[in-house]
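Step one of this worksheet: look at the structure below.
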Amino acid sequence: YNRINVTGTSYGTRMALVYMRQYPTTVRTAILNGVVPLANKNPLYHAASFDLAIQALTAECANEPECRAAVPNLGTEFRAILARLDASPAKTALVHPVSGIRIPVRLSREAFLEALRVMMYSGVRNRLVPILLHRAYQGDFEPFAELGASSERDLRRNLALGQLLSVTCAEDVDRITEEEIVTIARGTTAGEGRVRGQKAVCSFWPRAAISKSYGDPVGVDVPTLLLSGTLDPVTPPRWGEEAARHLPRSLHLVSPGAHGVSGPCITDIQKRFLDAGTVDRLDVSCTTGIKPAKFQLALDRS
């Protein structure tokens, strides 16, 4: 093929951007969903992005009458949970996903926040977050622990963690400075533990050498459609904006959703974009009708 249409989601957007930089004349169009530009040094911004997502979800709950009635003080309850976990881990239980046996677990602040962060990746699971946090605030951590464990298992099934380290150590972690950790990760809800832990592993993990110019912004004349979700806990809209400002023939759309947005409207826009081969006069009017799904405010414990 002389020219191709490139699409990527999450890290796939990084691959697409680097490919576009290396072979710009071979790319007819690009669709980037959940954008990871070169400026986003994984996992430096994970904690800050997670805070943005939680703040957005809290505001969304407050603006939905049913959620507001069920959980009127979501932000206050979330902070109270963290204060309790700072004092001591929560004792709860969950059903083992393989054996089916109910087992006791201790939930630390770190484990709680990482489980919540991973839940937020999903536009389905994040609909449960307000009621899960409310139940945890009331002392019942079991529903949260069960969904948290399920979310973590699903994530680990989809990631080759050794390869993830080999890639991110070279492309991202080696570019993270101590000053950046202090100014960007410190002071967030989740703190700097994740980035420091990953840097520690990268001190000995095998990876390839990359060019010193690898982190330069990608600026090419390729028609590009960028998509971001309002509640994305890892690639929030700011990163779509960052990539778009270097791509002169791009359009950035922000839609209700999490990490990787979808739905009939988004699919139709992508089809029209691929047919036209340009973002000029692209009809995106259907996005005004996209509404967040209702929060799920009852738990099925059967």
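Ordering of the structure tokens sets the chain letters (A, B, ...); residue numbers start at 1 within each chain; ligands are numbered from 1 in the order shown.
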
Closest contacts (segment 188-296 of chain A/segment 8-32 of chain A, max 9 Å, only C-alpha atoms) as a tab-separated table:
residue	atom	partner	partner_atom	distance
A:Tyr214	CA	A:Val18	CA	8.5
A:Val218	CA	A:Arg21	CA	6.1
A:Gly219	CA	A:Arg21	CA	7.3
A:Val220	CA	A:Arg21	CA	6.5
A:Asp221	CA	A:Pro24	CA	7.5
A:Val222	CA	A:Thr29	CA	6.0
A:Pro223	CA	A:Thr29	CA	5.1
A:Thr224	CA	A:Ala30	CA	4.7
A:Leu225	CA	A:Ile31	CA	4.8
A:Leu226	CA	A:Leu32	CA	4.8
A:Leu227	CA	A:Leu32	CA	6.1
A:Ser228	CA	A:Leu32	CA	8.7
A:Val234	CA	A:Ser10	CA	8.9
A:Thr235	CA	A:Ser10	CA	7.6
A:Gly240	CA	A:Leu32	CA	8.5
A:Ala243	CA	A:Leu17	CA	9.0
A:His259	CA	A:Ser10	CA	7.6
A:Gly260	CA	A:Thr9	CA	6.4
A:Gln270	CA	A:Ile31	CA	7.7
A:Phe273	CA	A:Thr29	CA	8.4
A:Leu274	CA	A:Thr29	CA	7.1
A:Gly277	CA	A:Thr29	CA	6.2
A:Thr278	CA	A:Thr29	CA	7.6

TODO: Find the spatial neighbours of segment 254-256 of chain A, counting only C-alpha atoms, within a cut-off of 8 Å - ignore same-chain residues fewer than 6 positions away - and output them as a count of residues only.
DONE: 10

TODO: Using only C-alpha atoms, pick whichever of A:Asp140, A:Asp172, A:Glu152, A:Asp268 has the shortest atom-to-atom distance to Ile81 of chain A.
DONE: A:Asp140

List every residue of segment 42-99 of chain A that has an atom at most 8 Å from any atom of segment 120-134 of chain A, giving for each one its closest atom pair and the distance in Å to one decimal, counting only C-alpha atoms, sorted by chain and then by ascending residue number, as CSV.
residue,atom,partner,partner_atom,distance
A:Ala53,CA,A:Met120,CA,7.7
A:Thr58,CA,A:Pro130,CA,7.9
A:Cys61,CA,A:Pro130,CA,7.5
A:Cys67,CA,A:Pro130,CA,7.7
A:Ala70,CA,A:Ile131,CA,7.8
A:Val71,CA,A:His134,CA,6.5
A:Leu74,CA,A:Pro130,CA,6.7
A:Glu77,CA,A:His134,CA,6.9
A:Phe78,CA,A:Leu133,CA,6.6

Task: Counting only C-alpha atoms, the residue of A:Ala185, A:Ala115, A:Arg175, A:Ile54 that sits nearest Arg153 of chain A - done: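 Between A:Ala185, A:Ala115, A:Arg175, A:Ile54, the residue approaching Arg153 of chain A most closely is A:Ala115.
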
Open item on the list: Between atom CA of Ala209 of chain A and atom CA of Ala170 of chain A, what is the distance in Å, rounded to a tenth?
Closed with: 6.5 Å

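Computed from the coordinates, the atom CA of Lys199 of chain A to atom CA of Pro233 of chain A distance equals 20.8 Å.
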
Task: DSSP helix (DSSP H, G or I) residues within segment 249-283 of chain A, listed as a VMD selection string - done: chain A and resid 264 to 276

- [ ] Have a look at atom CA of Thr288 of chain A and atom CA of Pro264 of chain A and let me know their distance in Å, one decimal.
- [x] 13.0 Å

Task: Every residue of segment 101-273 of chain A that DSSP places in strand (DSSP E), as a PyMOL selection string - done: chain A and resi 102-107+224-229+250-255
